[in-house]
>>> print(open('protein_30.cif').read())   # mmCIF, C-alpha atoms and all ligand atoms
data_model
#
loop_
_atom_site.label_atom_id
_atom_site.label_comp_id
_atom_site.auth_asym_id
_atom_site.auth_seq_id
_atom_site.Cartn_x
_atom_site.Cartn_y
_atom_site.Cartn_z
CA MET A 25 -13.35 6.56 19.49
CA LYS A 26 -12.48 5.84 15.91
CA SER A 27 -14.92 6.62 13.17
CA LYS A 28 -16.07 3.63 11.22
CA GLU A 29 -15.98 5.59 8.01
CA HIS A 30 -13.00 6.63 5.94
CA TYR A 31 -10.51 7.73 8.58
CA SER A 32 -10.17 8.04 12.27
CA SER A 33 -9.51 10.91 14.60
CA PHE A 34 -5.84 10.50 15.28
CA SER A 35 -4.59 11.25 18.77
CA HIS A 36 -1.32 12.74 17.51
CA ILE A 37 0.08 13.49 14.09
CA TYR A 38 3.81 13.10 13.54
CA VAL A 39 5.32 14.66 10.44
CA GLU A 40 8.85 14.25 9.15
CA GLU A 41 10.47 17.65 9.26
CA LYS A 42 11.96 17.34 5.75
CA ILE A 43 8.52 17.07 4.14
CA ARG A 44 6.62 19.71 6.10
CA GLU A 45 6.25 21.84 2.94
CA ASN A 46 5.16 18.91 0.76
CA PRO A 47 1.74 19.74 -0.79
CA ARG A 48 0.44 16.25 -0.06
CA VAL A 49 1.37 16.64 3.59
CA LYS A 50 -0.41 19.97 3.72
CA ARG A 51 -3.53 18.47 2.16
CA ILE A 52 -3.58 15.64 4.70
CA LEU A 53 -3.11 18.05 7.60
CA GLU A 54 -6.03 20.18 6.40
CA HIS A 55 -8.25 17.32 7.59
CA PHE A 56 -7.02 17.83 11.13
CA PRO A 57 -6.91 21.57 11.87
CA ASN A 58 -6.88 21.02 15.63
CA SER A 59 -4.51 18.10 15.70
CA ASN A 60 -1.70 17.65 18.14
CA ARG A 61 1.17 17.97 15.64
CA ILE A 62 4.74 16.89 16.27
CA TYR A 63 7.63 17.28 13.83
CA ILE A 64 10.16 14.45 13.82
CA ASN A 65 13.38 13.55 12.08
CA HIS A 66 12.43 10.09 10.76
CA TYR A 67 9.26 8.04 11.00
CA LYS A 68 11.18 5.10 12.45
CA ASP A 69 12.04 7.22 15.50
CA VAL A 70 8.36 6.86 16.45
CA PHE A 71 7.21 3.76 14.61
CA ASN A 72 10.07 1.51 15.65
CA ARG A 73 10.22 2.46 19.33
CA SER A 74 10.63 -0.56 21.54
CA LYS A 75 7.98 -1.85 23.95
CA GLN A 76 4.97 -0.45 22.14
CA SER A 77 1.62 -2.17 22.62
CA VAL A 78 0.16 -2.58 19.16
CA VAL A 79 -3.25 -3.49 20.57
CA ALA A 80 -3.43 -0.51 22.93
CA GLN A 81 -2.26 1.86 20.19
CA HIS A 82 -5.15 0.77 17.99
CA ASN A 83 -7.51 2.26 20.55
CA SER A 84 -5.85 5.64 20.25
CA GLN A 85 -4.05 5.57 16.95
CA ALA A 86 -1.53 8.19 15.92
CA LEU A 87 -0.77 9.12 12.31
CA ILE A 88 2.76 9.44 10.98
CA ILE A 89 3.35 11.21 7.68
CA ALA A 90 6.64 10.25 6.10
CA GLU A 91 8.72 9.66 3.01
CA LYS A 92 9.52 6.07 2.08
CA THR A 93 13.18 5.37 1.43
CA GLY A 94 14.73 2.24 -0.09
CA ALA A 95 12.83 -0.36 -2.12
CA LYS A 96 9.14 0.27 -2.56
CA ILE A 97 7.96 -2.64 -4.70
CA TYR A 98 8.37 -6.18 -3.33
CA GLU A 99 7.96 -9.69 -4.69
CA GLY A 100 4.82 -11.45 -3.41
CA ALA A 101 5.01 -13.46 -0.19
CA PRO A 102 4.37 -17.24 -0.12
CA VAL A 103 1.17 -16.92 1.95
CA CYS A 104 -0.40 -14.72 -0.72
CA GLN A 105 -2.24 -15.79 -3.79
CA SER A 106 -0.62 -14.90 -7.08
CA PHE A 107 -3.81 -15.65 -9.07
CA GLY A 108 -1.68 -17.29 -11.71
CA ASN A 109 0.41 -14.19 -12.35
CA GLU A 110 4.05 -14.84 -13.04
CA HIS A 111 5.37 -11.42 -11.99
CA PHE A 112 3.52 -10.92 -8.73
CA TYR A 113 4.49 -7.94 -6.56
CA TYR A 114 3.06 -5.87 -3.75
CA THR A 115 3.65 -2.41 -2.44
CA SER A 116 2.71 -0.42 0.64
CA CYS A 117 2.31 3.32 0.43
CA MET A 118 0.81 3.12 3.90
CA MET A 119 1.59 0.97 6.91
CA ASN A 120 -1.13 -0.22 9.26
CA CYS A 121 -4.81 0.23 9.00
CA ILE A 122 -7.66 2.25 10.48
CA PHE A 123 -9.64 -0.97 10.72
CA ASP A 124 -8.72 -3.30 13.52
CA CYS A 125 -9.24 -6.95 12.65
CA GLU A 126 -8.40 -9.12 15.60
CA TYR A 127 -6.51 -11.59 13.44
CA CYS A 128 -4.65 -9.02 11.32
CA TYR A 129 -1.08 -10.13 10.65
CA LEU A 130 0.08 -6.52 10.85
CA LYS A 131 -0.16 -6.79 14.64
CA GLY A 132 2.54 -9.40 14.45
CA MET A 133 4.56 -7.79 11.71
CA TYR A 134 4.96 -4.20 12.87
CA PRO A 135 6.36 -2.88 16.15
CA SER A 136 3.62 -0.23 16.28
CA GLY A 137 -0.15 0.07 15.84
CA ASN A 138 0.16 3.64 14.60
CA MET A 139 -0.53 4.39 10.98
CA VAL A 140 2.01 5.68 8.48
CA ILE A 141 1.23 7.39 5.19
CA PHE A 142 4.11 7.72 2.74
CA VAL A 143 3.69 10.79 0.56
CA ASN A 144 6.35 10.20 -2.12
CA LEU A 145 4.01 8.24 -4.38
CA GLU A 146 5.85 9.43 -7.51
CA GLU A 147 8.92 7.49 -6.39
CA TYR A 148 6.81 4.34 -6.17
CA PHE A 149 5.67 4.99 -9.72
CA ALA A 150 9.26 5.52 -10.90
CA GLU A 151 10.44 2.23 -9.39
CA LEU A 152 7.48 0.44 -10.92
CA GLU A 153 8.19 1.91 -14.34
CA GLY A 154 11.67 0.39 -14.10
CA LEU A 155 10.11 -3.05 -13.55
CA LEU A 156 7.56 -2.55 -16.29
CA LYS A 157 10.39 -2.03 -18.78
CA LYS A 158 11.49 -5.61 -18.06
CA HIS A 159 8.19 -7.50 -17.91
CA PRO A 160 4.47 -7.19 -17.15
CA VAL A 161 3.63 -6.64 -13.51
CA TYR A 162 0.73 -7.73 -11.36
CA LEU A 163 0.81 -5.53 -8.28
CA CYS A 164 -1.23 -5.52 -5.08
CA VAL A 165 -1.34 -1.89 -4.00
CA SER A 166 -3.57 -2.10 -0.93
CA TYR A 167 -1.15 -4.12 1.10
CA ASP A 168 -0.26 -3.81 4.76
CA ALA A 169 -3.08 -1.25 4.94
CA ASP A 170 -6.53 -0.55 3.50
CA LEU A 171 -6.00 2.14 0.91
CA VAL A 172 -9.69 2.60 0.16
CA ALA A 173 -10.55 3.24 3.79
CA CYS A 174 -8.10 6.14 3.96
CA ASP A 175 -8.62 7.57 0.51
CA SER A 176 -10.27 10.73 1.81
CA LEU A 177 -6.85 11.63 3.14
CA THR A 178 -4.63 10.49 0.30
CA ASP A 179 -6.54 10.38 -3.00
CA TYR A 180 -4.26 7.43 -3.85
CA ILE A 181 -6.98 5.29 -5.44
CA ARG A 182 -7.46 7.83 -8.22
CA GLU A 183 -3.69 8.16 -8.66
CA TRP A 184 -3.19 4.40 -8.90
CA ILE A 185 -6.05 4.01 -11.37
CA GLU A 186 -4.67 6.79 -13.58
CA PHE A 187 -1.15 5.38 -13.46
CA THR A 188 -2.40 1.88 -14.34
CA ARG A 189 -4.44 3.16 -17.24
CA LYS A 190 -1.28 4.66 -18.77
CA HIS A 191 0.77 1.44 -18.50
CA HIS A 192 -0.50 -1.35 -20.73
CA ASN A 193 1.46 -4.14 -19.00
CA LEU A 194 0.43 -3.29 -15.46
CA THR A 195 -2.49 -4.85 -13.59
CA ILE A 196 -3.23 -3.82 -10.03
CA GLU A 197 -5.38 -5.21 -7.28
CA ILE A 198 -6.96 -2.87 -4.72
CA ARG A 199 -8.16 -4.97 -1.79
CA THR A 200 -10.47 -3.58 0.86
CA LYS A 201 -12.93 -4.19 3.66
CA SER A 202 -14.44 -0.76 3.13
CA GLY A 203 -18.02 -0.20 2.06
CA ARG A 204 -17.22 2.96 0.10
CA CYS A 205 -19.01 3.13 -3.24
CA ASP A 206 -18.08 6.67 -4.22
CA LEU A 207 -14.56 5.78 -5.35
CA TRP A 208 -15.85 3.20 -7.80
CA GLU A 209 -18.54 5.56 -9.00
CA ASN A 210 -16.39 8.67 -9.32
CA ASN A 211 -13.29 7.21 -10.96
CA ASP A 212 -13.39 6.10 -14.58
CA SER A 213 -13.16 2.34 -14.66
CA CYS A 214 -10.11 0.50 -15.91
CA ASP A 215 -10.12 -3.18 -16.86
CA LYS A 216 -6.65 -3.61 -15.33
CA VAL A 217 -7.71 -2.39 -11.89
CA ILE A 218 -9.15 -5.28 -9.92
CA ALA A 219 -11.43 -4.16 -7.11
CA ALA A 220 -11.08 -6.89 -4.49
CA PHE A 221 -13.37 -7.21 -1.50
CA THR A 222 -12.68 -9.41 1.48
CA ILE A 223 -16.06 -10.77 2.46
CA SER A 224 -16.70 -12.47 5.80
CA PRO A 225 -19.87 -13.82 7.38
CA ASP A 226 -21.74 -11.44 9.71
CA VAL A 227 -20.59 -13.36 12.74
CA VAL A 228 -16.93 -12.81 11.79
CA SER A 229 -17.17 -9.22 10.56
CA SER A 230 -19.18 -8.04 13.56
CA ARG A 231 -17.07 -9.81 16.19
CA TYR A 232 -13.57 -9.66 14.82
CA GLU A 233 -13.24 -7.04 12.06
CA HIS A 234 -13.61 -3.93 14.16
CA PHE A 235 -14.47 -0.69 12.34
CA ALA A 236 -14.52 -2.38 8.93
CA ALA A 237 -17.71 -2.17 6.88
CA THR A 238 -20.48 -4.65 7.61
CA THR A 239 -20.82 -7.67 5.38
CA ALA A 240 -23.85 -6.13 3.65
CA GLU A 241 -21.96 -2.87 3.03
CA ARG A 242 -19.04 -4.73 1.45
CA ILE A 243 -21.36 -6.70 -0.82
CA LYS A 244 -23.02 -3.45 -1.84
CA ALA A 245 -19.65 -1.83 -2.57
CA ALA A 246 -18.57 -4.83 -4.65
CA LYS A 247 -21.73 -4.58 -6.71
CA CYS A 248 -21.15 -0.88 -7.07
CA ALA A 249 -17.61 -1.45 -8.41
CA MET A 250 -18.93 -4.09 -10.81
CA ASP A 251 -21.79 -1.90 -12.04
CA ASN A 252 -19.26 0.84 -12.72
CA GLY A 253 -17.12 -1.37 -14.93
CA PHE A 254 -14.29 -2.53 -12.63
CA PRO A 255 -13.27 -6.19 -12.62
CA VAL A 256 -14.36 -7.45 -9.20
CA ARG A 257 -12.70 -10.11 -7.11
CA LEU A 258 -14.39 -11.55 -4.03
CA CYS A 259 -12.07 -12.91 -1.39
CA PHE A 260 -13.52 -15.47 0.98
CA ASP A 261 -10.13 -15.31 2.52
CA PRO A 262 -9.28 -15.57 5.32
CA MET A 263 -12.04 -18.01 6.26
CA ILE A 264 -12.25 -17.97 10.05
CA TYR A 265 -13.34 -20.99 12.02
CA CYS A 266 -16.29 -20.37 14.32
CA ARG A 267 -19.00 -22.50 15.82
CA ASP A 268 -21.45 -23.42 13.07
CA TRP A 269 -19.04 -22.16 10.41
CA LYS A 270 -20.83 -24.17 7.73
CA HIS A 271 -24.07 -22.38 8.30
CA ALA A 272 -22.32 -18.98 8.50
CA TYR A 273 -20.44 -19.44 5.22
CA GLU A 274 -23.42 -20.95 3.44
CA LYS A 275 -25.53 -17.95 4.41
CA LEU A 276 -22.73 -15.64 3.27
CA CYS A 277 -22.65 -17.32 -0.10
CA ASN A 278 -26.41 -16.99 -0.49
CA ASP A 279 -26.33 -13.32 0.56
CA VAL A 280 -23.49 -12.50 -1.85
CA PHE A 281 -24.92 -14.20 -4.92
CA GLU A 282 -28.40 -12.88 -4.28
CA LYS A 283 -26.96 -9.44 -4.99
CA ILE A 284 -24.03 -10.18 -7.31
CA ASP A 285 -24.11 -11.94 -10.67
CA GLY A 286 -21.39 -14.62 -10.35
CA ALA A 287 -20.98 -14.79 -14.12
CA LYS A 288 -19.78 -11.17 -14.13
CA LEU A 289 -17.15 -11.63 -11.43
CA TRP A 290 -13.50 -11.45 -12.40
CA ASP A 291 -12.65 -14.25 -9.97
CA VAL A 292 -13.00 -15.49 -6.42
CA SER A 293 -10.41 -16.52 -3.88
CA VAL A 294 -10.92 -19.03 -1.10
CA GLY A 295 -8.45 -19.59 1.70
CA SER A 296 -8.52 -20.27 5.40
CA PHE A 297 -6.58 -18.25 7.94
CA ARG A 298 -2.81 -18.80 7.91
CA ILE A 299 0.00 -16.73 9.33
CA SER A 300 3.75 -16.75 9.83
CA GLN A 301 4.84 -18.34 13.12
CA ASP A 302 6.80 -15.26 14.14
CA TYR A 303 3.82 -12.96 13.73
CA LEU A 304 1.49 -15.28 15.62
CA LYS A 305 3.93 -15.63 18.49
CA LYS A 306 3.92 -11.87 18.98
CA MET A 307 0.14 -11.64 18.60
CA ARG A 308 -0.41 -14.31 21.23
CA ARG A 309 1.54 -12.20 23.69
CA GLU A 310 -0.53 -9.13 22.84
CA GLU A 311 -3.93 -10.80 22.56
CA PRO A 312 -4.04 -13.56 25.18
CA ASP A 313 -7.85 -13.60 25.20
CA SER A 314 -8.41 -13.79 21.46
CA ALA A 315 -9.97 -17.08 20.37
CA ILE A 316 -8.69 -16.66 16.81
CA VAL A 317 -5.15 -15.86 17.77
CA ASN A 318 -4.92 -18.65 20.34
CA PHE A 319 -6.53 -21.39 18.25
CA PRO A 320 -4.37 -24.56 18.27
CA TYR A 321 -3.09 -24.21 14.71
CA ASP A 322 -0.69 -26.60 13.04
CA ASN A 323 2.72 -25.29 12.13
CA VAL A 324 3.52 -26.24 8.55
CA GLY A 325 6.92 -25.05 7.38
CA GLY A 326 6.90 -21.97 9.62
CA TYR A 327 3.29 -20.99 8.91
CA TYR A 328 0.42 -21.65 11.26
CA GLN A 329 -2.77 -22.90 9.67
CA TYR A 330 -5.86 -24.86 10.65
CA PRO A 331 -5.29 -28.59 11.11
CA LYS A 332 -5.31 -30.29 7.72
CA GLY A 333 -8.74 -31.94 8.06
CA LEU A 334 -10.44 -28.71 9.16
CA GLN A 335 -8.70 -26.66 6.52
CA GLU A 336 -9.79 -29.11 3.84
CA ASP A 337 -13.36 -29.10 5.16
CA MET A 338 -13.66 -25.32 5.29
CA GLU A 339 -12.03 -24.48 1.98
CA GLY A 340 -13.59 -27.46 0.17
CA PHE A 341 -17.03 -26.52 1.46
CA MET A 342 -16.66 -22.92 0.29
CA VAL A 343 -15.27 -23.86 -3.12
CA GLU A 344 -18.23 -26.18 -3.65
CA LYS A 345 -20.74 -23.49 -2.66
CA VAL A 346 -19.12 -20.79 -4.77
CA ALA A 347 -18.89 -23.15 -7.76
CA GLN A 348 -22.67 -23.08 -7.94
CA TYR A 349 -22.42 -19.46 -9.09
CA ILE A 350 -19.09 -19.05 -10.85
CA SER A 351 -17.05 -21.16 -13.22
CA PRO A 352 -14.54 -23.37 -11.32
CA ASP A 353 -11.61 -22.03 -13.36
CA LYS A 354 -12.25 -18.62 -11.78
CA ILE A 355 -12.00 -19.94 -8.24
CA PHE A 356 -8.52 -19.65 -6.75
CA ARG A 357 -7.89 -21.70 -3.67
CA TRP A 358 -4.82 -20.76 -1.70
CA GLU A 359 -3.80 -24.33 -0.94
CA THR A 360 -3.70 -25.37 -4.56
CA GLN A 361 -1.88 -22.16 -5.48
CA SER A 362 0.94 -22.86 -3.09
CA LYS A 363 1.75 -26.30 -4.51
S1 LIG A 401 -8.72 -4.59 6.92
FE1 LIG A 401 -6.92 -5.86 6.46
S2 LIG A 401 -5.15 -4.56 6.92
FE2 LIG A 401 -6.95 -3.64 7.92
S3 LIG A 401 -6.96 -4.46 10.01
FE3 LIG A 401 -8.25 -5.78 8.77
S4 LIG A 401 -6.90 -7.46 8.05
FE4 LIG A 401 -5.59 -5.76 8.77
#
>>> encode(input="protein_30.cif", output="structure tokens")
Amino acid sequence: MKSKEHYSSFSHIYVEEKIRENPRVKRILEHFPNSNRIYINHYKDVFNRSKQSVVAQHNSQALIIAEKTGAKIYEGAPVCQSFGNEHFYYTSCMMNCIFDCEYCYLKGMYPSGNMVIFVNLEEYFAELEGLLKKHPVYLCVSYDADLVACDSLTDYIREWIEFTRKHHNLTIEIRTKSGRCDLWENNDSCDKVIAAFTISPDVVSSRYEHFAATTAERIKAAKCAMDNGFPVRLCFDPMIYCRDWKHAYEKLCNDVFEKIDGAKLWDVSVGSFRISQDYLKKMRREEPDSAIVNFPYDNVGGYYQYPKGLQEDMEGFMVEKVAQYISPDKIFRWETQSK
């Protein structure tokens, strides 16, 4: 059974042979002295195997430690909010997540549910420095994974904060569903490191966001980051339709702003669930009993989303509620962003 905190007990650990002496690899392996270790040629030999069941693998996840080759920094995808940033990029120094949200697009995107950690972080930094010579960069670093949740293994949060502090034209976003406070307390704050917390109502987090922190824990962690000087973003995104969603999201709003001073927030994002048609097709095969995955979404330009009226209702409702606590110009709604 996976631990809810920080990292799971991996069933197997695969390590690329060429990096077995890498100090970062050794540090990660120290966490698993009794692990079932297998040395491999290339992570894709395991990760890209055909006929894997992503859902089943999440119940007994393996860890793959590898070196990332090729491009490491990517331009932002159309389903993602750019928050008004012109040069919007994302990067993934891990693939997959120890949390297991039922609706997670990674289940549709990757051929495997196993987790990969790339250890050549310096090469990510080098590529980014090349971009920073051309223009400012806004970079989401906790993408296709939850970097905070696995930081006990990688120490990447500290490394990203330190790198960002040294580069005046770089702003990063670290998005998480973890309730860890220690990282925000123990790292010196930086006003260009946005601590972003995806916040869902109790009914959604407890039913669908398996192993992630509870709603209350995430709110506490967000307050912790704010109290320690980090700009904090709250993401009511993805909003998930459920019976009595209005009541659930209204309560969430009350719970959040009872603890967090809206005037001190960096910004807020609001968006309802949407996903690429290809990913959803695969997820429907893997999760035939999931109410979220099998909802009758509308296909708009290759992306599934809630029917227009429902989407408007949900996002409009949340924007109105949030606007009671935070200035409207700090509320980013996905729909308006994409126009
Ligand atoms: S926390 Fe994010 S990346 Fe992790 S399983 Fe949930 S949706 Fe996916």
>>> closest_atom_pairs(input="protein_30.cif", of="chain A", to="ligand LIG 401 (chain A)", cutoff="10 Å", atoms="all atoms listed in the file", output="CSV")
residue,atom,partner,partner_atom,distance
A:His82,CA,A:LIG401,S3,9.7
A:Met119,CA,A:LIG401,S2,8.7
A:Asn120,CA,A:LIG401,S2,6.4
A:Cys121,CA,A:LIG401,FE2,4.6
A:Ile122,CA,A:LIG401,FE2,6.5
A:Phe123,CA,A:LIG401,S3,4.5
A:Asp124,CA,A:LIG401,S3,4.1
A:Cys125,CA,A:LIG401,FE3,4.2
A:Glu126,CA,A:LIG401,S3,7.4
A:Tyr127,CA,A:LIG401,S4,6.8
A:Cys128,CA,A:LIG401,FE4,4.2
A:Tyr129,CA,A:LIG401,FE4,6.6
A:Leu130,CA,A:LIG401,FE4,6.1
A:Lys131,CA,A:LIG401,FE4,8.1
A:Ser166,CA,A:LIG401,S2,8.4
A:Tyr167,CA,A:LIG401,S2,7.1
A:Asp168,CA,A:LIG401,S2,5.4
A:Ala169,CA,A:LIG401,S2,4.4
A:Asp170,CA,A:LIG401,FE2,5.4
A:Leu171,CA,A:LIG401,S2,9.0
A:Val172,CA,A:LIG401,S1,9.9
A:Ala173,CA,A:LIG401,S1,8.6
A:Arg199,CA,A:LIG401,FE1,8.4
A:Thr200,CA,A:LIG401,S1,6.4
A:Lys201,CA,A:LIG401,S1,5.3
A:Ser202,CA,A:LIG401,S1,7.9
A:Phe221,CA,A:LIG401,S1,10.0
A:Thr222,CA,A:LIG401,S1,8.3
A:Ser229,CA,A:LIG401,FE3,9.7
A:Tyr232,CA,A:LIG401,FE3,8.9
A:Glu233,CA,A:LIG401,FE3,6.1
A:His234,CA,A:LIG401,FE3,7.8
A:Phe235,CA,A:LIG401,S3,8.7
A:Ala236,CA,A:LIG401,S1,6.5
A:Ala237,CA,A:LIG401,S1,9.3
A:Pro262,CA,A:LIG401,S4,8.9
>>> residues_around(input="protein_30.cif", residues="Val317 in chain A", least_positions_apart="4", cutoff="9 Å", atoms="all atoms listed in the file", output="list in words")
Glu126, Tyr127, Leu304, Met307, Arg308, Glu311, Pro312 and Asp313 of chain A
>>> residues_around(input="protein_30.cif", residues="Asn60 in chain A", least_positions_apart="4", cutoff="8 Å", atoms="only C-alpha atoms", output="list in words")
Ser35, His36 and Ile37 of chain A
>>> atom_distance(input="protein_30.cif", atom1="CA of Glu40 in chain A", atom2="CA of Ala90 in chain A")
5.5 Å
>>> closest_residue(input="protein_30.cif", among="A:Met263, A:Ala245, A:Ala347, A:Ile299", to="Ala287 in chain A", atoms="only C-alpha atoms")
A:Ala347
>>> closest_residue(input="protein_30.cif", among="A:Tyr328, A:Phe34, A:Tyr98, A:Tyr134", to="Glu151 in chain A", atoms="only C-alpha atoms")
A:Tyr98
>>> residues_around(input="protein_30.cif", residues="Arg189 in chain A", least_positions_apart="5", cutoff="12 Å", atoms="all atoms listed in the file", output="list in words")
Arg182, Glu183, Trp184, Leu194, Thr195, Ile196, Asn211, Asp212, Ser213, Cys214, Asp215, Lys216 and Val217 of chain A
>>> build_atoms(input="protein_30.cif", residues="range 272-293 of chain A", atoms="N, CA and C atoms", output="PDB file, in the coordinates of the input")
ATOM      1  N   ALA A 272     -22.718 -20.385   8.696  1.00  0.00           N
ATOM      2  CA  ALA A 272     -22.320 -18.980   8.500  1.00  0.00           C
ATOM      3  C   ALA A 272     -21.833 -18.744   7.070  1.00  0.00           C
ATOM      4  N   TYR A 273     -20.995 -19.648   6.564  1.00  0.00           N
ATOM      5  CA  TYR A 273     -20.440 -19.440   5.220  1.00  0.00           C
ATOM      6  C   TYR A 273     -21.448 -19.770   4.121  1.00  0.00           C
ATOM      7  N   GLU A 274     -22.365 -20.664   4.413  1.00  0.00           N
ATOM      8  CA  GLU A 274     -23.420 -20.950   3.440  1.00  0.00           C
ATOM      9  C   GLU A 274     -24.337 -19.732   3.296  1.00  0.00           C
ATOM     10  N   LYS A 275     -24.675 -19.151   4.440  1.00  0.00           N
ATOM     11  CA  LYS A 275     -25.530 -17.950   4.410  1.00  0.00           C
ATOM     12  C   LYS A 275     -24.812 -16.814   3.676  1.00  0.00           C
ATOM     13  N   LEU A 276     -23.514 -16.692   3.936  1.00  0.00           N
ATOM     14  CA  LEU A 276     -22.730 -15.640   3.270  1.00  0.00           C
ATOM     15  C   LEU A 276     -22.803 -15.809   1.755  1.00  0.00           C
ATOM     16  N   CYS A 277     -22.617 -17.032   1.333  1.00  0.00           N
ATOM     17  CA  CYS A 277     -22.650 -17.320  -0.100  1.00  0.00           C
ATOM     18  C   CYS A 277     -24.011 -16.945  -0.695  1.00  0.00           C
ATOM     19  N   ASN A 278     -25.061 -17.324   0.001  1.00  0.00           N
ATOM     20  CA  ASN A 278     -26.410 -16.990  -0.490  1.00  0.00           C
ATOM     21  C   ASN A 278     -26.598 -15.469  -0.545  1.00  0.00           C
ATOM     22  N   ASP A 279     -26.158 -14.790   0.512  1.00  0.00           N
ATOM     23  CA  ASP A 279     -26.330 -13.320   0.560  1.00  0.00           C
ATOM     24  C   ASP A 279     -25.554 -12.639  -0.564  1.00  0.00           C
ATOM     25  N   VAL A 280     -24.333 -13.116  -0.806  1.00  0.00           N
ATOM     26  CA  VAL A 280     -23.490 -12.500  -1.850  1.00  0.00           C
ATOM     27  C   VAL A 280     -24.140 -12.693  -3.223  1.00  0.00           C
ATOM     28  N   PHE A 281     -24.492 -13.935  -3.540  1.00  0.00           N
ATOM     29  CA  PHE A 281     -24.920 -14.200  -4.920  1.00  0.00           C
ATOM     30  C   PHE A 281     -26.401 -13.862  -5.158  1.00  0.00           C
ATOM     31  N   GLU A 282     -27.067 -13.455  -4.096  1.00  0.00           N
ATOM     32  CA  GLU A 282     -28.400 -12.880  -4.280  1.00  0.00           C
ATOM     33  C   GLU A 282     -28.269 -11.487  -4.879  1.00  0.00           C
ATOM     34  N   LYS A 283     -27.157 -10.827  -4.533  1.00  0.00           N
ATOM     35  CA  LYS A 283     -26.960  -9.440  -4.990  1.00  0.00           C
ATOM     36  C   LYS A 283     -26.007  -9.353  -6.192  1.00  0.00           C
ATOM     37  N   ILE A 284     -25.087 -10.296  -6.302  1.00  0.00           N
ATOM     38  CA  ILE A 284     -24.030 -10.180  -7.310  1.00  0.00           C
ATOM     39  C   ILE A 284     -24.124 -11.315  -8.318  1.00  0.00           C
ATOM     40  N   ASP A 285     -24.050 -10.944  -9.592  1.00  0.00           N
ATOM     41  CA  ASP A 285     -24.110 -11.940 -10.670  1.00  0.00           C
ATOM     42  C   ASP A 285     -22.726 -12.627 -10.776  1.00  0.00           C
ATOM     43  N   GLY A 286     -22.663 -13.882 -10.354  1.00  0.00           N
ATOM     44  CA  GLY A 286     -21.390 -14.620 -10.350  1.00  0.00           C
ATOM     45  C   GLY A 286     -20.729 -14.655 -11.721  1.00  0.00           C
ATOM     46  N   ALA A 287     -21.534 -14.692 -12.770  1.00  0.00           N
ATOM     47  CA  ALA A 287     -20.980 -14.790 -14.120  1.00  0.00           C
ATOM     48  C   ALA A 287     -20.190 -13.532 -14.489  1.00  0.00           C
ATOM     49  N   LYS A 288     -20.469 -12.427 -13.798  1.00  0.00           N
ATOM     50  CA  LYS A 288     -19.780 -11.170 -14.130  1.00  0.00           C
ATOM     51  C   LYS A 288     -18.549 -10.934 -13.255  1.00  0.00           C
ATOM     52  N   LEU A 289     -18.316 -11.817 -12.293  1.00  0.00           N
ATOM     53  CA  LEU A 289     -17.150 -11.630 -11.430  1.00  0.00           C
ATOM     54  C   LEU A 289     -15.852 -11.912 -12.175  1.00  0.00           C
ATOM     55  N   TRP A 290     -14.822 -11.182 -11.818  1.00  0.00           N
ATOM     56  CA  TRP A 290     -13.500 -11.450 -12.400  1.00  0.00           C
ATOM     57  C   TRP A 290     -12.999 -12.802 -11.886  1.00  0.00           C
ATOM     58  N   ASP A 291     -12.981 -12.962 -10.583  1.00  0.00           N
ATOM     59  CA  ASP A 291     -12.650 -14.250  -9.970  1.00  0.00           C
ATOM     60  C   ASP A 291     -12.981 -14.220  -8.486  1.00  0.00           C
ATOM     61  N   VAL A 292     -12.713 -15.337  -7.845  1.00  0.00           N
ATOM     62  CA  VAL A 292     -13.000 -15.490  -6.420  1.00  0.00           C
ATOM     63  C   VAL A 292     -11.805 -16.179  -5.780  1.00  0.00           C
ATOM     64  N   SER A 293     -11.446 -15.765  -4.579  1.00  0.00           N
ATOM     65  CA  SER A 293     -10.410 -16.520  -3.880  1.00  0.00           C
ATOM     66  C   SER A 293     -10.988 -17.135  -2.608  1.00  0.00           C
TER      67      SER A 293
END
